[in-house]
Every structure is written in structure tokens, then in C-alpha cells.
$ cat work-v3.pdb   # PDB, C-alpha atoms and all ligand atoms
ATOM      1  CA  MET A   1     126.982 119.638  52.562
ATOM      2  CA  GLN A   2     124.663 117.276  54.442
ATOM      3  CA  ALA A   3     125.749 113.635  54.766
ATOM      4  CA  LEU A   4     124.636 110.584  56.738
ATOM      5  CA  THR A   5     127.692 109.499  58.678
ATOM      6  CA  TRP A   6     128.407 106.464  60.835
ATOM      7  CA  ARG A   7     130.256 107.701  63.925
ATOM      8  CA  GLY A   8     131.138 104.313  65.418
ATOM      9  CA  GLY A   9     129.173 101.876  67.573
ATOM     10  CA  ARG A  10     125.461 102.351  66.853
ATOM     11  CA  GLN A  11     125.806 106.088  66.335
ATOM     12  CA  VAL A  12     124.683 107.455  62.993
ATOM     13  CA  GLU A  13     123.815 111.072  62.208
ATOM     14  CA  ALA A  14     123.012 113.443  59.367
ATOM     15  CA  ALA A  15     125.463 116.317  59.735
ATOM     16  CA  SER A  16     127.353 118.910  57.761
ATOM     17  CA  VAL A  17     130.644 117.638  56.266
ATOM     18  CA  ALA A  18     133.125 118.980  53.703
ATOM     19  CA  PRO A  19     132.052 118.139  50.129
ATOM     20  CA  PRO A  20     134.189 115.492  48.376
ATOM     21  CA  VAL A  21     136.920 116.599  45.948
ATOM     22  CA  PRO A  22     137.041 114.160  43.012
ATOM     23  CA  GLN A  23     140.468 112.828  42.110
ATOM     24  CA  ASP A  24     141.641 112.352  38.514
ATOM     25  CA  GLY A  25     139.223 110.158  36.551
ATOM     26  CA  TRP A  26     136.467 110.597  39.143
ATOM     27  CA  SER A  27     133.242 112.586  38.878
ATOM     28  CA  LEU A  28     130.862 114.293  41.272
ATOM     29  CA  VAL A  29     127.284 113.064  41.382
ATOM     30  CA  ARG A  30     124.457 115.038  42.999
ATOM     31  CA  MET A  31     122.512 112.371  44.844
ATOM     32  CA  ALA A  32     118.834 111.948  43.933
ATOM     33  CA  TYR A  33     118.006 108.736  45.836
ATOM     34  CA  VAL A  34     120.017 106.316  47.883
ATOM     35  CA  GLY A  35     118.573 103.053  49.136
ATOM     36  CA  LEU A  36     119.387 101.708  52.584
ATOM     37  CA  CYS A  37     119.776  97.981  53.188
ATOM     38  CA  GLY A  38     120.928  95.339  55.656
ATOM     39  CA  THR A  39     124.577  96.078  54.908
ATOM     40  CA  ASP A  40     124.026  99.683  56.038
ATOM     41  CA  LEU A  41     122.458  98.374  59.257
ATOM     42  CA  HIS A  42     125.516  96.176  59.857
ATOM     43  CA  ILE A  43     127.797  99.175  59.332
ATOM     44  CA  CYS A  44     125.677 101.348  61.639
ATOM     45  CA  ALA A  45     125.842  98.641  64.334
ATOM     46  CA  GLY A  46     129.637  98.534  64.202
ATOM     47  CA  GLU A  47     129.465  94.987  62.796
ATOM     48  CA  HIS A  48     131.034  95.521  59.380
ATOM     49  CA  PRO A  49     134.656  94.322  59.315
ATOM     50  CA  ARG A  50     135.902  96.938  56.837
ATOM     51  CA  ALA A  51     133.910 100.134  57.566
ATOM     52  CA  LYS A  52     135.750 102.842  59.540
ATOM     53  CA  PRO A  53     133.995 105.399  61.814
ATOM     54  CA  GLY A  54     133.380 108.705  60.043
ATOM     55  CA  LEU A  55     132.174 106.894  56.913
ATOM     56  CA  VAL A  56     129.410 108.387  54.780
ATOM     57  CA  ILE A  57     127.210 105.339  54.082
ATOM     58  CA  GLY A  58     125.107 104.526  50.989
ATOM     59  CA  HIS A  59     125.964 102.201  48.079
ATOM     60  CA  GLU A  60     122.594 102.070  46.243
ATOM     61  CA  ILE A  61     123.008 105.389  44.452
ATOM     62  CA  VAL A  62     121.268 107.254  41.653
ATOM     63  CA  GLY A  63     121.744 110.929  40.906
ATOM     64  CA  ARG A  64     122.760 113.553  38.384
ATOM     65  CA  LEU A  65     126.215 114.169  37.023
ATOM     66  CA  VAL A  66     127.619 117.575  38.081
ATOM     67  CA  GLU A  67     130.237 118.055  35.303
ATOM     68  CA  PRO A  68     130.275 116.244  31.931
ATOM     69  CA  ALA A  69     132.254 112.960  31.926
ATOM     70  CA  GLY A  70     133.174 111.433  28.561
ATOM     71  CA  SER A  71     129.970 111.179  26.559
ATOM     72  CA  VAL A  72     127.731 111.727  29.598
ATOM     73  CA  ALA A  73     126.412 115.290  29.842
ATOM     74  CA  ALA A  74     126.218 117.411  32.974
ATOM     75  CA  GLY A  75     122.825 116.946  34.630
ATOM     76  CA  ALA A  76     122.346 113.471  33.107
ATOM     77  CA  ALA A  77     120.659 110.872  35.280
ATOM     78  CA  VAL A  78     123.086 108.150  36.315
ATOM     79  CA  PHE A  79     123.237 104.967  38.334
ATOM     80  CA  VAL A  80     126.493 104.530  40.217
ATOM     81  CA  ASN A  81     128.038 101.056  40.123
ATOM     82  CA  PRO A  82     129.504 101.059  43.653
ATOM     83  CA  LEU A  83     132.056  98.262  43.139
ATOM     84  CA  LEU A  84     135.692  99.327  43.441
ATOM     85  CA  PRO A  85     137.766  96.432  42.037
ATOM     86  CA  CYS A  86     141.568  96.689  42.265
ATOM     87  CA  GLY A  87     142.084  96.006  38.557
ATOM     88  CA  SER A  88     145.268  93.994  39.044
ATOM     89  CA  CYS A  89     144.503  90.752  40.947
ATOM     90  CA  ARG A  90     143.953  87.487  39.056
ATOM     91  CA  PRO A  91     140.092  87.672  38.951
ATOM     92  CA  CYS A  92     140.340  91.306  37.773
ATOM     93  CA  ARG A  93     142.760  90.291  35.011
ATOM     94  CA  PHE A  94     140.070  87.859  33.836
ATOM     95  CA  ALA A  95     137.457  90.670  34.067
ATOM     96  CA  ARG A  96     135.724  88.978  37.019
ATOM     97  CA  TYR A  97     135.590  92.268  38.895
ATOM     98  CA  ASN A  98     132.788  91.258  41.272
ATOM     99  CA  VAL A  99     135.091  88.658  42.869
ATOM    100  CA  CYS A 100     138.157  90.922  42.998
ATOM    101  CA  GLN A 101     140.390  89.754  45.845
ATOM    102  CA  ARG A 102     140.547  93.317  47.183
ATOM    103  CA  LEU A 103     137.005  94.356  46.214
ATOM    104  CA  GLY A 104     135.908  97.612  47.813
ATOM    105  CA  PHE A 105     132.537  99.399  47.731
ATOM    106  CA  LEU A 106     131.520 103.030  47.764
ATOM    107  CA  GLY A 107     129.660 103.509  51.038
ATOM    108  CA  ILE A 108     131.652 100.775  52.800
ATOM    109  CA  ASP A 109     135.347 101.243  52.033
ATOM    110  CA  ARG A 110     135.037 104.875  50.885
ATOM    111  CA  ASP A 111     132.470 107.603  51.419
ATOM    112  CA  GLY A 112     129.181 106.687  49.774
ATOM    113  CA  GLY A 113     126.061 108.266  48.394
ATOM    114  CA  ALA A 114     123.992 109.202  51.464
ATOM    115  CA  ALA A 115     125.121 112.792  50.940
ATOM    116  CA  GLU A 116     124.310 115.771  48.740
ATOM    117  CA  LEU A 117     127.377 114.980  46.619
ATOM    118  CA  VAL A 118     129.377 111.783  46.104
ATOM    119  CA  ALA A 119     132.681 111.317  44.254
ATOM    120  CA  VAL A 120     132.726 108.203  42.031
ATOM    121  CA  PRO A 121     135.076 106.749  39.398
ATOM    122  CA  SER A 122     133.782 108.068  36.052
ATOM    123  CA  GLU A 123     133.978 104.577  34.536
ATOM    124  CA  ARG A 124     131.467 103.385  37.155
ATOM    125  CA  LEU A 125     128.728 105.714  35.876
ATOM    126  CA  VAL A 126     125.789 104.031  34.152
ATOM    127  CA  PRO A 127     123.688 106.599  32.238
ATOM    128  CA  LEU A 128     119.948 106.096  32.718
ATOM    129  CA  PRO A 129     117.229 106.564  30.107
ATOM    130  CA  PRO A 130     115.592 109.947  30.781
ATOM    131  CA  TRP A 131     112.121 108.372  31.026
ATOM    132  CA  LEU A 132     113.064 106.069  33.894
ATOM    133  CA  ASP A 133     111.843 107.528  37.176
ATOM    134  CA  LEU A 134     114.874 107.938  39.476
ATOM    135  CA  LYS A 135     112.968 106.560  42.463
ATOM    136  CA  ARG A 136     112.459 103.277  40.588
ATOM    137  CA  ALA A 137     116.059 103.372  39.386
ATOM    138  CA  ALA A 138     117.186 103.370  43.031
ATOM    139  CA  LEU A 139     116.246  99.684  43.039
ATOM    140  CA  ILE A 140     118.832  98.793  40.356
ATOM    141  CA  GLU A 141     121.537  97.807  42.858
ATOM    142  CA  PRO A 142     119.594  95.257  44.945
ATOM    143  CA  LEU A 143     117.823  94.027  41.799
ATOM    144  CA  ALA A 144     121.217  93.401  40.149
ATOM    145  CA  VAL A 145     122.078  91.194  43.149
ATOM    146  CA  ALA A 146     118.913  89.188  42.477
ATOM    147  CA  VAL A 147     119.535  88.955  38.718
ATOM    148  CA  HIS A 148     123.058  87.697  39.395
ATOM    149  CA  ALA A 149     121.785  85.047  41.831
ATOM    150  CA  ILE A 150     119.185  83.761  39.353
ATOM    151  CA  ARG A 151     121.837  83.548  36.642
ATOM    152  CA  ARG A 152     124.271  81.749  38.930
ATOM    153  CA  GLY A 153     121.533  79.294  39.924
ATOM    154  CA  GLN A 154     120.648  78.707  36.247
ATOM    155  CA  VAL A 155     116.954  79.022  37.018
ATOM    156  CA  VAL A 156     114.934  78.028  33.954
ATOM    157  CA  THR A 157     111.321  77.507  32.862
ATOM    158  CA  GLY A 158     109.520  74.708  34.667
ATOM    159  CA  TYR A 159     111.806  74.611  37.703
ATOM    160  CA  ARG A 160     110.510  74.574  41.243
ATOM    161  CA  VAL A 161     112.311  77.324  43.150
ATOM    162  CA  HIS A 162     112.500  77.921  46.882
ATOM    163  CA  VAL A 163     113.773  81.112  48.510
ATOM    164  CA  THR A 164     114.732  81.314  52.180
ATOM    165  CA  GLY A 165     114.254  84.770  53.705
ATOM    166  CA  ALA A 166     111.702  87.410  52.628
ATOM    167  CA  GLY A 167     113.779  90.565  53.075
ATOM    168  CA  PRO A 168     114.184  92.917  50.096
ATOM    169  CA  ILE A 169     116.766  90.660  48.419
ATOM    170  CA  GLY A 170     114.733  87.477  49.001
ATOM    171  CA  LEU A 171     111.629  89.078  47.509
ATOM    172  CA  LEU A 172     113.520  90.449  44.512
ATOM    173  CA  VAL A 173     115.131  87.045  43.951
ATOM    174  CA  ALA A 174     111.722  85.349  44.161
ATOM    175  CA  SER A 175     110.234  87.928  41.756
ATOM    176  CA  CYS A 176     113.043  87.375  39.238
ATOM    177  CA  ALA A 177     112.597  83.588  39.552
ATOM    178  CA  ARG A 178     108.892  83.964  38.777
ATOM    179  CA  LEU A 179     109.742  85.921  35.589
ATOM    180  CA  GLU A 180     111.662  82.886  34.305
ATOM    181  CA  GLY A 181     108.433  80.893  33.928
ATOM    182  CA  THR A 182     109.163  78.637  36.863
ATOM    183  CA  ALA A 183     106.613  75.992  37.902
ATOM    184  CA  SER A 184     106.527  77.376  41.457
ATOM    185  CA  VAL A 185     108.318  79.885  43.670
ATOM    186  CA  THR A 186     107.920  79.323  47.414
ATOM    187  CA  ILE A 187     109.400  81.269  50.324
ATOM    188  CA  SER A 188     110.165  80.405  53.951
ATOM    189  CA  GLU A 189     110.446  83.277  56.432
ATOM    190  CA  PRO A 190     110.179  83.166  60.256
ATOM    191  CA  SER A 191     109.124  86.824  60.693
ATOM    192  CA  ALA A 192     105.322  87.178  60.447
ATOM    193  CA  ALA A 193     105.561  90.747  59.111
ATOM    194  CA  ARG A 194     107.966  89.769  56.346
ATOM    195  CA  ALA A 195     105.942  86.661  55.509
ATOM    196  CA  ALA A 196     102.859  88.877  55.105
ATOM    197  CA  GLY A 197     104.830  91.100  52.686
ATOM    198  CA  ALA A 198     105.763  88.048  50.629
ATOM    199  CA  ARG A 199     102.115  86.892  50.502
ATOM    200  CA  GLU A 200     101.087  90.360  49.297
ATOM    201  CA  LEU A 201     103.409  89.875  46.334
ATOM    202  CA  GLY A 202     101.607  86.603  45.597
ATOM    203  CA  PHE A 203     104.151  84.100  46.866
ATOM    204  CA  GLU A 204     103.285  80.885  48.668
ATOM    205  CA  LEU A 205     104.846  80.744  52.129
ATOM    206  CA  LEU A 206     106.098  77.420  53.446
ATOM    207  CA  ASP A 207     106.640  76.605  57.082
ATOM    208  CA  ASP A 208     110.207  75.661  57.960
ATOM    209  CA  ALA A 209     108.930  72.386  59.427
ATOM    210  CA  ALA A 210     107.227  71.556  56.102
ATOM    211  CA  ALA A 211     110.418  71.450  54.039
ATOM    212  CA  ASP A 212     109.944  68.608  51.559
ATOM    213  CA  ARG A 213     113.111  68.440  49.457
ATOM    214  CA  SER A 214     111.313  69.419  46.267
ATOM    215  CA  ALA A 215     113.052  72.521  44.893
ATOM    216  CA  ASP A 216     115.273  72.304  41.812
ATOM    217  CA  VAL A 217     116.999  75.519  42.885
ATOM    218  CA  VAL A 218     117.174  76.871  46.439
ATOM    219  CA  LEU A 219     118.243  80.486  46.847
ATOM    220  CA  ASP A 220     119.410  81.129  50.400
ATOM    221  CA  CYS A 221     118.760  84.796  51.151
ATOM    222  CA  THR A 222     118.917  84.740  54.947
ATOM    223  CA  GLY A 223     122.598  85.015  55.839
ATOM    224  CA  HIS A 224     121.500  84.016  59.328
ATOM    225  CA  PRO A 225     123.741  81.344  60.912
ATOM    226  CA  ASP A 226     120.696  79.601  62.469
ATOM    227  CA  ALA A 227     119.266  79.023  58.990
ATOM    228  CA  SER A 228     122.322  77.540  57.299
ATOM    229  CA  PRO A 229     122.120  73.933  58.596
ATOM    230  CA  GLY A 230     118.548  73.661  57.257
ATOM    231  CA  VAL A 231     119.085  75.080  53.814
ATOM    232  CA  LEU A 232     119.667  71.723  52.077
ATOM    233  CA  LYS A 233     116.333  70.322  53.281
ATOM    234  CA  TRP A 234     114.479  72.347  50.618
ATOM    235  CA  ALA A 235     116.581  70.909  47.785
ATOM    236  CA  THR A 236     115.571  67.912  45.652
ATOM    237  CA  THR A 237     118.197  65.359  44.618
ATOM    238  CA  GLY A 238     120.600  66.902  42.120
ATOM    239  CA  ALA A 239     119.442  70.423  42.954
ATOM    240  CA  THR A 240     121.467  73.631  43.079
ATOM    241  CA  VAL A 241     121.701  75.715  46.256
ATOM    242  CA  VAL A 242     122.718  79.342  45.741
ATOM    243  CA  THR A 243     124.069  81.341  48.671
ATOM    244  CA  VAL A 244     122.888  84.938  48.345
ATOM    245  CA  GLY A 245     122.708  86.272  51.922
ATOM    246  CA  THR A 246     126.062  87.144  53.498
ATOM    247  CA  TYR A 247     127.003  84.930  56.459
ATOM    248  CA  PRO A 248     129.066  86.557  59.203
ATOM    249  CA  GLY A 249     131.523  83.659  59.283
ATOM    250  CA  VAL A 250     131.829  79.882  59.025
ATOM    251  CA  VAL A 251     128.450  78.088  59.126
ATOM    252  CA  GLY A 252     127.357  74.458  59.173
ATOM    253  CA  VAL A 253     126.106  72.429  56.212
ATOM    254  CA  ASP A 254     125.638  68.624  56.020
ATOM    255  CA  LEU A 255     128.286  67.658  53.461
ATOM    256  CA  GLN A 256     127.270  63.999  53.589
ATOM    257  CA  ASP A 257     123.751  64.917  52.499
ATOM    258  CA  LEU A 258     125.247  67.165  49.825
ATOM    259  CA  MET A 259     127.381  64.298  48.571
ATOM    260  CA  PHE A 260     124.784  61.493  48.641
ATOM    261  CA  ARG A 261     122.230  63.595  46.756
ATOM    262  CA  GLU A 262     124.752  65.213  44.395
ATOM    263  CA  LEU A 263     123.744  68.749  45.307
ATOM    264  CA  THR A 264     125.597  71.720  43.850
ATOM    265  CA  VAL A 265     126.332  74.730  46.034
ATOM    266  CA  VAL A 266     127.002  77.966  44.190
ATOM    267  CA  GLY A 267     128.315  81.200  45.706
ATOM    268  CA  THR A 268     127.302  84.661  44.518
ATOM    269  CA  ARG A 269     128.898  88.000  45.142
ATOM    270  CA  ALA A 270     127.451  91.334  44.051
ATOM    271  CA  TYR A 271     126.870  91.594  40.260
ATOM    272  CA  THR A 272     128.448  92.266  36.894
ATOM    273  CA  ARG A 273     127.836  95.059  34.397
ATOM    274  CA  GLU A 274     125.515  92.689  32.493
ATOM    275  CA  ASP A 275     123.441  92.125  35.646
ATOM    276  CA  ILE A 276     123.110  95.903  36.091
ATOM    277  CA  ARG A 277     121.942  96.223  32.461
ATOM    278  CA  ALA A 278     119.422  93.410  32.992
ATOM    279  CA  ALA A 279     118.135  95.001  36.232
ATOM    280  CA  LEU A 280     117.721  98.334  34.462
ATOM    281  CA  THR A 281     115.716  96.662  31.680
ATOM    282  CA  LEU A 282     113.436  94.856  34.157
ATOM    283  CA  LEU A 283     112.609  98.193  35.826
ATOM    284  CA  GLU A 284     112.252 100.031  32.527
ATOM    285  CA  ARG A 285     109.749  97.483  31.219
ATOM    286  CA  GLY A 286     107.888  97.405  34.516
ATOM    287  CA  GLU A 287     108.487  93.654  34.838
ATOM    288  CA  ILE A 288     109.655  94.428  38.344
ATOM    289  CA  ASP A 289     107.369  97.032  39.912
ATOM    290  CA  ALA A 290     109.761  99.024  42.115
ATOM    291  CA  THR A 291     106.886 100.712  43.944
ATOM    292  CA  ARG A 292     105.978  97.354  45.541
ATOM    293  CA  PHE A 293     109.378  97.238  47.236
ATOM    294  CA  ILE A 294     109.944 100.868  48.186
ATOM    295  CA  THR A 295     108.075 101.330  51.461
ATOM    296  CA  GLY A 296     109.386 104.759  52.370
ATOM    297  CA  VAL A 297     111.122 107.864  50.987
ATOM    298  CA  MET A 298     112.648 110.260  53.526
ATOM    299  CA  PRO A 299     114.753 113.405  53.113
ATOM    300  CA  LEU A 300     118.525 112.972  53.543
ATOM    301  CA  GLU A 301     118.388 115.138  56.683
ATOM    302  CA  GLU A 302     116.208 112.460  58.332
ATOM    303  CA  GLY A 303     118.705 109.717  57.504
ATOM    304  CA  ALA A 304     119.223 108.689  61.129
ATOM    305  CA  ALA A 305     115.461 108.221  61.549
ATOM    306  CA  ALA A 306     115.409 106.170  58.335
ATOM    307  CA  VAL A 307     118.098 103.865  59.739
ATOM    308  CA  GLN A 308     116.066 103.516  62.936
ATOM    309  CA  ARG A 309     112.958 102.679  60.902
ATOM    310  CA  LEU A 310     114.832  99.819  59.253
ATOM    311  CA  ARG A 311     116.198  98.659  62.612
ATOM    312  CA  ASP A 312     112.652  98.517  63.975
ATOM    313  CA  GLY A 313     111.676  96.166  61.115
ATOM    314  CA  GLY A 314     108.495  96.298  59.055
ATOM    315  CA  ALA A 315     109.951  98.556  56.336
ATOM    316  CA  LEU A 316     111.218  96.828  53.221
ATOM    317  CA  LYS A 317     113.220  99.407  51.233
ATOM    318  CA  VAL A 318     113.642 102.951  52.507
ATOM    319  CA  LEU A 319     115.125 105.590  50.184
ATOM    320  CA  LEU A 320     116.770 108.845  51.165
ATOM    321  CA  GLU A 321     116.024 111.746  48.853
ATOM    322  CA  GLY A 322     118.722 114.270  47.967
ATOM    323  CA  PRO A 323     119.091 117.478  45.920
ATOM    324  CA  GLY A 324     119.467 115.587  42.593
ATOM    325  CA  ALA A 325     115.846 114.340  42.771
TER     326      ALA A 325
HETATM  327 ZN    ZN B   1     122.637  97.225  49.650
HETATM  328 ZN    ZN B   2     141.112  92.841  41.820
END
$ encode --input "work-v3.pdb" --output "C-alpha cells" --more "lines below"
Ligand SMILES: [Zn+2]
Ligand SMILES: [Zn+2]
Amino acid sequence: MQALTWRGGRQVEAASVAPPVPQDGWSLVRMAYVGLCGTDLHICAGEHPRAKPGLVIGHEIVGRLVEPAGSVAAGAAVFVNPLLPCGSCRPCRFARYNVCQRLGFLGIDRDGGAAELVAVPSERLVPLPPWLDLKRAALIEPLAVAVHAIRRGQVVTGYRVHVTGAGPIGLLVASCARLEGTASVTISEPSAARAAGARELGFELLDDAAADRSADVVLDCTGHPDASPGVLKWATTGATVVTVGTYPGVVGVDLQDLMFRELTVVGTRAYTREDIRAALTLLERGEIDATRFITGVMPLEEGAAAVQRLRDGGALKVLLEGPGA
């Protein structure tokens, strides 16, 4: 079968590989669409600490079940929850699977969905309503990240919200914040192309130099070390700052400022089953218009070109299309 494989370094190629053989309790899914994101770019640059060369990438997966699994029929449309919690650590024992101490992901720690077929734990299958277009459903994974961040930040009606970074996650976070009936949602973004994308979605862009300490909740979606020292300057006294973007290591924050103004910093990691449900509902109802975020759909065979397109910038969300579409 065809699969998009990271070979090591910056080398990524669509090539023929042996199809996966599902172990006990796992199922085969015929990929319909797989979204590519910043994490995939990190893997394909050799920058991800856990990915091993030879990996089939892709963790934003929708497709069709090959054989029936439990109550889910063969051919049914499914979203694949890519989290692989260990099930035995302390957070897992308290059902906090998204912060499992040994959390793995399909497409990072094991072969993922950028392939004709992907093997997944059957309990990770989320059946999709037949009327939901699979292309839109491909946005469930990043949207669940945004839903989780909004929940963690306790964004409510009337709040002023600021989002740093207008990549796909930043824009989804800002869109979810707007749905909560917030007084304002502003975005800061240094890239002119990304800022233009945010304006197209109707968001007000603020210059980094114009930060005025007015937001009740700041959602930091950059993950860029240069941005971290400045993140508190958007927050009003008593505000909550949510870290959404993944930082590559230890970064600087002014703890004295945090203390004097009683700011709350909240971490977020991935999403829960409830967040996935909520993301699915937002797409189903059209409250989040997936077509505004999906800027390209390319066949699986052109996966390497799709990765390059994301590296070049300008594209927001690029999907690979497989035989399940
Ligand atoms: Zn992703
Ligand atoms: Zn665990």
C-alpha cells in the first residue's frame, strides 16, 4: 500500500510499504482524509523527540472501517482518536488519559494515518454521522484541541479574549472563543500572510507593540520561544493565560508580574472524549465552517509535495485524500 513515510532528517516520501496487521483489539481503517499540521512538520524536520525514522505520519484521521468492530459496521465512517494512553499510570487511573505520563500518539509513536490503511485500537474509533462530509470531519482533531483550550481557559460570555498566533490552531481557538459570546476576540500574529487569513475570518489583529493588558483570557497558540516572554502583556489583572502551542523546551515568563497581578496560567494537552464530541457537534451544526480552514486537498501519493507546501507557508490546513474518501 501507499504511505507517507518520514525517512529521517528532512526526508519524507510517499512510497509502497507493507500494509499493517492489526493486533488483538485493533481494527483496520481505510483512510479517507488525513490532515497535516505543525507537529507533522516537526517530525519531518527531524525535530520531534519521540518519532523514529521509517514512521508513517498522520494523526488527524478519518476513514472507513474495514471489518466490523463491536457495534460499528464495516464501511462505517469513523474518526480515529489518535491518543494512545498507557492505561495504568496515575492520571490514567483517574481517567485523565490526555495527560497520561506515557502518552503516545498514532502518527508519532506508531504508524499513523497518512496511508491507505491504518491499524488503530478499536476502542479509539468514533463513529461519524453518515451525513457529515468526511472532508469536514478531518478537522475534528485540531478543533478538539481548540475546544479543550477554551474549556480549560473557562472562556465565558462577555469576556475579552486574546489569541497569540494565527496558525490553524490559533484560528480555531479564536473561532471557538467567538462562539461563546465573548465581548471581543483579538489576535496578534507577526506573519503578514497569516494575519491576512485571520482578518478574512473577521478577527481584529493587534500589533505586538500595542499590547494593552486588557484580555480576561489569553490563549497562547504560538509555541515560539521568542513569544513566551511577552504573553503576559495581553492579560488584564486577574486574567487566565492558557498555553496551547507546544514549546520546544523551557521558556521565560515574568513570575513577578504573574504574582503581583494574580494571573493564572493553565496548561492544556490534547483533548478528551468530550472535547471530540463537542468538536464533532460544532462541525455538524456548521458553527465552525471547516471549508474556511481547509486550504488544500491533495492525493496521498503527493504527500511529500503537501508537506513542502506547508513548509513554504501560506497554506492553513492541507488534507491528504485516500481510498476511503
Ligand atoms: Zn495535528
Ligand atoms: Zn497512562
$ resolve_selection --input "work-v3.pdb" --expression "the PyMOL selection byres (((chain A and resi 284) around 12) and not hetatm)" --output "list in words"
Leu128, Pro129, Pro130, Trp131, Leu132, Asp133, Leu134, Lys135, Arg136, Ala137, Leu139, Ile140, Arg277, Ala278, Ala279, Leu280, Thr281, Leu282, Leu283, Arg285, Gly286, Glu287, Ile288, Asp289 and Ala290 of chain A
$ write_last_selection --input "work-v3.pdb" --atoms "C-alpha atoms" --output "JSON list (two decimals), in the frame of the given file"
[["chain", "number", "residue", "atom", "x", "y", "z"],
["A", 128, "LEU", "CA", 119.95, 106.10, 32.72],
["A", 129, "PRO", "CA", 117.23, 106.56, 30.11],
["A", 130, "PRO", "CA", 115.59, 109.95, 30.78],
["A", 131, "TRP", "CA", 112.12, 108.37, 31.03],
["A", 132, "LEU", "CA", 113.06, 106.07, 33.89],
["A", 133, "ASP", "CA", 111.84, 107.53, 37.18],
["A", 134, "LEU", "CA", 114.87, 107.94, 39.48],
["A", 135, "LYS", "CA", 112.97, 106.56, 42.46],
["A", 136, "ARG", "CA", 112.46, 103.28, 40.59],
["A", 137, "ALA", "CA", 116.06, 103.37, 39.39],
["A", 139, "LEU", "CA", 116.25, 99.68, 43.04],
["A", 140, "ILE", "CA", 118.83, 98.79, 40.36],
["A", 277, "ARG", "CA", 121.94, 96.22, 32.46],
["A", 278, "ALA", "CA", 119.42, 93.41, 32.99],
["A", 279, "ALA", "CA", 118.14, 95.00, 36.23],
["A", 280, "LEU", "CA", 117.72, 98.33, 34.46],
["A", 281, "THR", "CA", 115.72, 96.66, 31.68],
["A", 282, "LEU", "CA", 113.44, 94.86, 34.16],
["A", 283, "LEU", "CA", 112.61, 98.19, 35.83],
["A", 285, "ARG", "CA", 109.75, 97.48, 31.22],
["A", 286, "GLY", "CA", 107.89, 97.40, 34.52],
["A", 287, "GLU", "CA", 108.49, 93.65, 34.84],
["A", 288, "ILE", "CA", 109.66, 94.43, 38.34],
["A", 289, "ASP", "CA", 107.37, 97.03, 39.91],
["A", 290, "ALA", "CA", 109.76, 99.02, 42.12]]
$ residues_around --input "work-v3.pdb" --residues "segment 78-91 of chain A" --least-positions-apart "4" --cutoff "7 Å" --atoms "only C-alpha atoms" --output "VMD selection string"
chain A and resid 59 61 to 65 95 to 97 99 to 106 124 to 128
$ atom_distance --input "work-v3.pdb" --atom1 "atom CA of Ala304 of chain A" --atom2 "atom CA of Gly197 of chain A"
24.2 Å
$ resolve_selection --input "work-v3.pdb" --expression "the PyMOL selection byres (((chain A and resi 313-322) around 8) and not hetatm)" --output "PyMOL selection string"
chain A and resi 30-37+114-116+138+167-168+193-194+293-300+303+306+309-312+323-325
$ write_last_selection --input "work-v3.pdb" --atoms "C-alpha atoms" --output "mmCIF file, in the coordinates of the input"
data_model
loop_
_atom_site.group_PDB
_atom_site.id
_atom_site.type_symbol
_atom_site.label_atom_id
_atom_site.label_comp_id
_atom_site.auth_asym_id
_atom_site.auth_seq_id
_atom_site.Cartn_x
_atom_site.Cartn_y
_atom_site.Cartn_z
ATOM 1 C CA ARG A 30 124.457 115.038 42.999
ATOM 2 C CA MET A 31 122.512 112.371 44.844
ATOM 3 C CA ALA A 32 118.834 111.948 43.933
ATOM 4 C CA TYR A 33 118.006 108.736 45.836
ATOM 5 C CA VAL A 34 120.017 106.316 47.883
ATOM 6 C CA GLY A 35 118.573 103.053 49.136
ATOM 7 C CA LEU A 36 119.387 101.708 52.584
ATOM 8 C CA CYS A 37 119.776 97.981 53.188
ATOM 9 C CA ALA A 114 123.992 109.202 51.464
ATOM 10 C CA ALA A 115 125.121 112.792 50.940
ATOM 11 C CA GLU A 116 124.310 115.771 48.740
ATOM 12 C CA ALA A 138 117.186 103.370 43.031
ATOM 13 C CA GLY A 167 113.779 90.565 53.075
ATOM 14 C CA PRO A 168 114.184 92.917 50.096
ATOM 15 C CA ALA A 193 105.561 90.747 59.111
ATOM 16 C CA ARG A 194 107.966 89.769 56.346
ATOM 17 C CA PHE A 293 109.378 97.238 47.236
ATOM 18 C CA ILE A 294 109.944 100.868 48.186
ATOM 19 C CA THR A 295 108.075 101.330 51.461
ATOM 20 C CA GLY A 296 109.386 104.759 52.370
ATOM 21 C CA VAL A 297 111.122 107.864 50.987
ATOM 22 C CA MET A 298 112.648 110.260 53.526
ATOM 23 C CA PRO A 299 114.753 113.405 53.113
ATOM 24 C CA LEU A 300 118.525 112.972 53.543
ATOM 25 C CA GLY A 303 118.705 109.717 57.504
ATOM 26 C CA ALA A 306 115.409 106.170 58.335
ATOM 27 C CA ARG A 309 112.958 102.679 60.902
ATOM 28 C CA LEU A 310 114.832 99.819 59.253
ATOM 29 C CA ARG A 311 116.198 98.659 62.612
ATOM 30 C CA ASP A 312 112.652 98.517 63.975
ATOM 31 C CA PRO A 323 119.091 117.478 45.920
ATOM 32 C CA GLY A 324 119.467 115.587 42.593
ATOM 33 C CA ALA A 325 115.846 114.340 42.771
#
$ residues_around --input "work-v3.pdb" --residues "segment 200-204 of chain A" --least-positions-apart "2" --cutoff "9 Å" --atoms "all atoms listed in the file" --output "list in words"
Leu171, Ala174, Ser175, Ser184, Val185, Thr186, Ile187, Ser188, Ala195, Ala196, Gly197, Ala198, Leu206 and Arg292 of chain A
$ residues_around --input "work-v3.pdb" --residues "segment 54-56 of chain A" --least-positions-apart "5" --cutoff "6 Å" --atoms "only C-alpha atoms" --output "ChimeraX atom specification"
/A:4-7,111-112
$ closest_residue --input "work-v3.pdb" --among "A:Ala149, A:Ile169, A:Ala211, A:Val161" --to "ligand ZN 1 (chain B)" --atoms "only C-alpha atoms and all ligand atoms"
A:Ile169
$ closest_residue --input "work-v3.pdb" --among "A:Ala69, A:Leu219, A:Glu301, A:Tyr247" --to "Glu123 of chain A" --atoms "only C-alpha atoms"
A:Ala69
$ closest_residue --input "work-v3.pdb" --among "A:Ala235, A:Ile43, A:Cys92, A:Val251" --to "ligand ZN 2 (chain B)" --atoms "only C-alpha atoms and all ligand atoms"
A:Cys92
$ closest_residue --input "work-v3.pdb" --among "A:Gln23, A:Thr246, A:Ser214, A:Thr182" --to "ligand ZN 1 (chain B)" --atoms "only C-alpha atoms and all ligand atoms"
A:Thr246
$ resolve_selection --input "work-v3.pdb" --expression "the PyMOL selection byres (((chain A and resi 240) around 8) and not hetatm)" --output "ChimeraX atom specification"
/A:153,216-218,235,238-239,241-242,263-266
$ closest_residue --input "work-v3.pdb" --among "A:Glu67, A:Asp208, A:Glu302, A:Glu141" --to "ligand ZN 1 (chain B)" --atoms "all atoms listed in the file"
A:Glu141
$ atom_distance --input "work-v3.pdb" --atom1 "atom CA of Val156 of chain A" --atom2 "atom CA of Leu255 of chain A"
25.8 Å
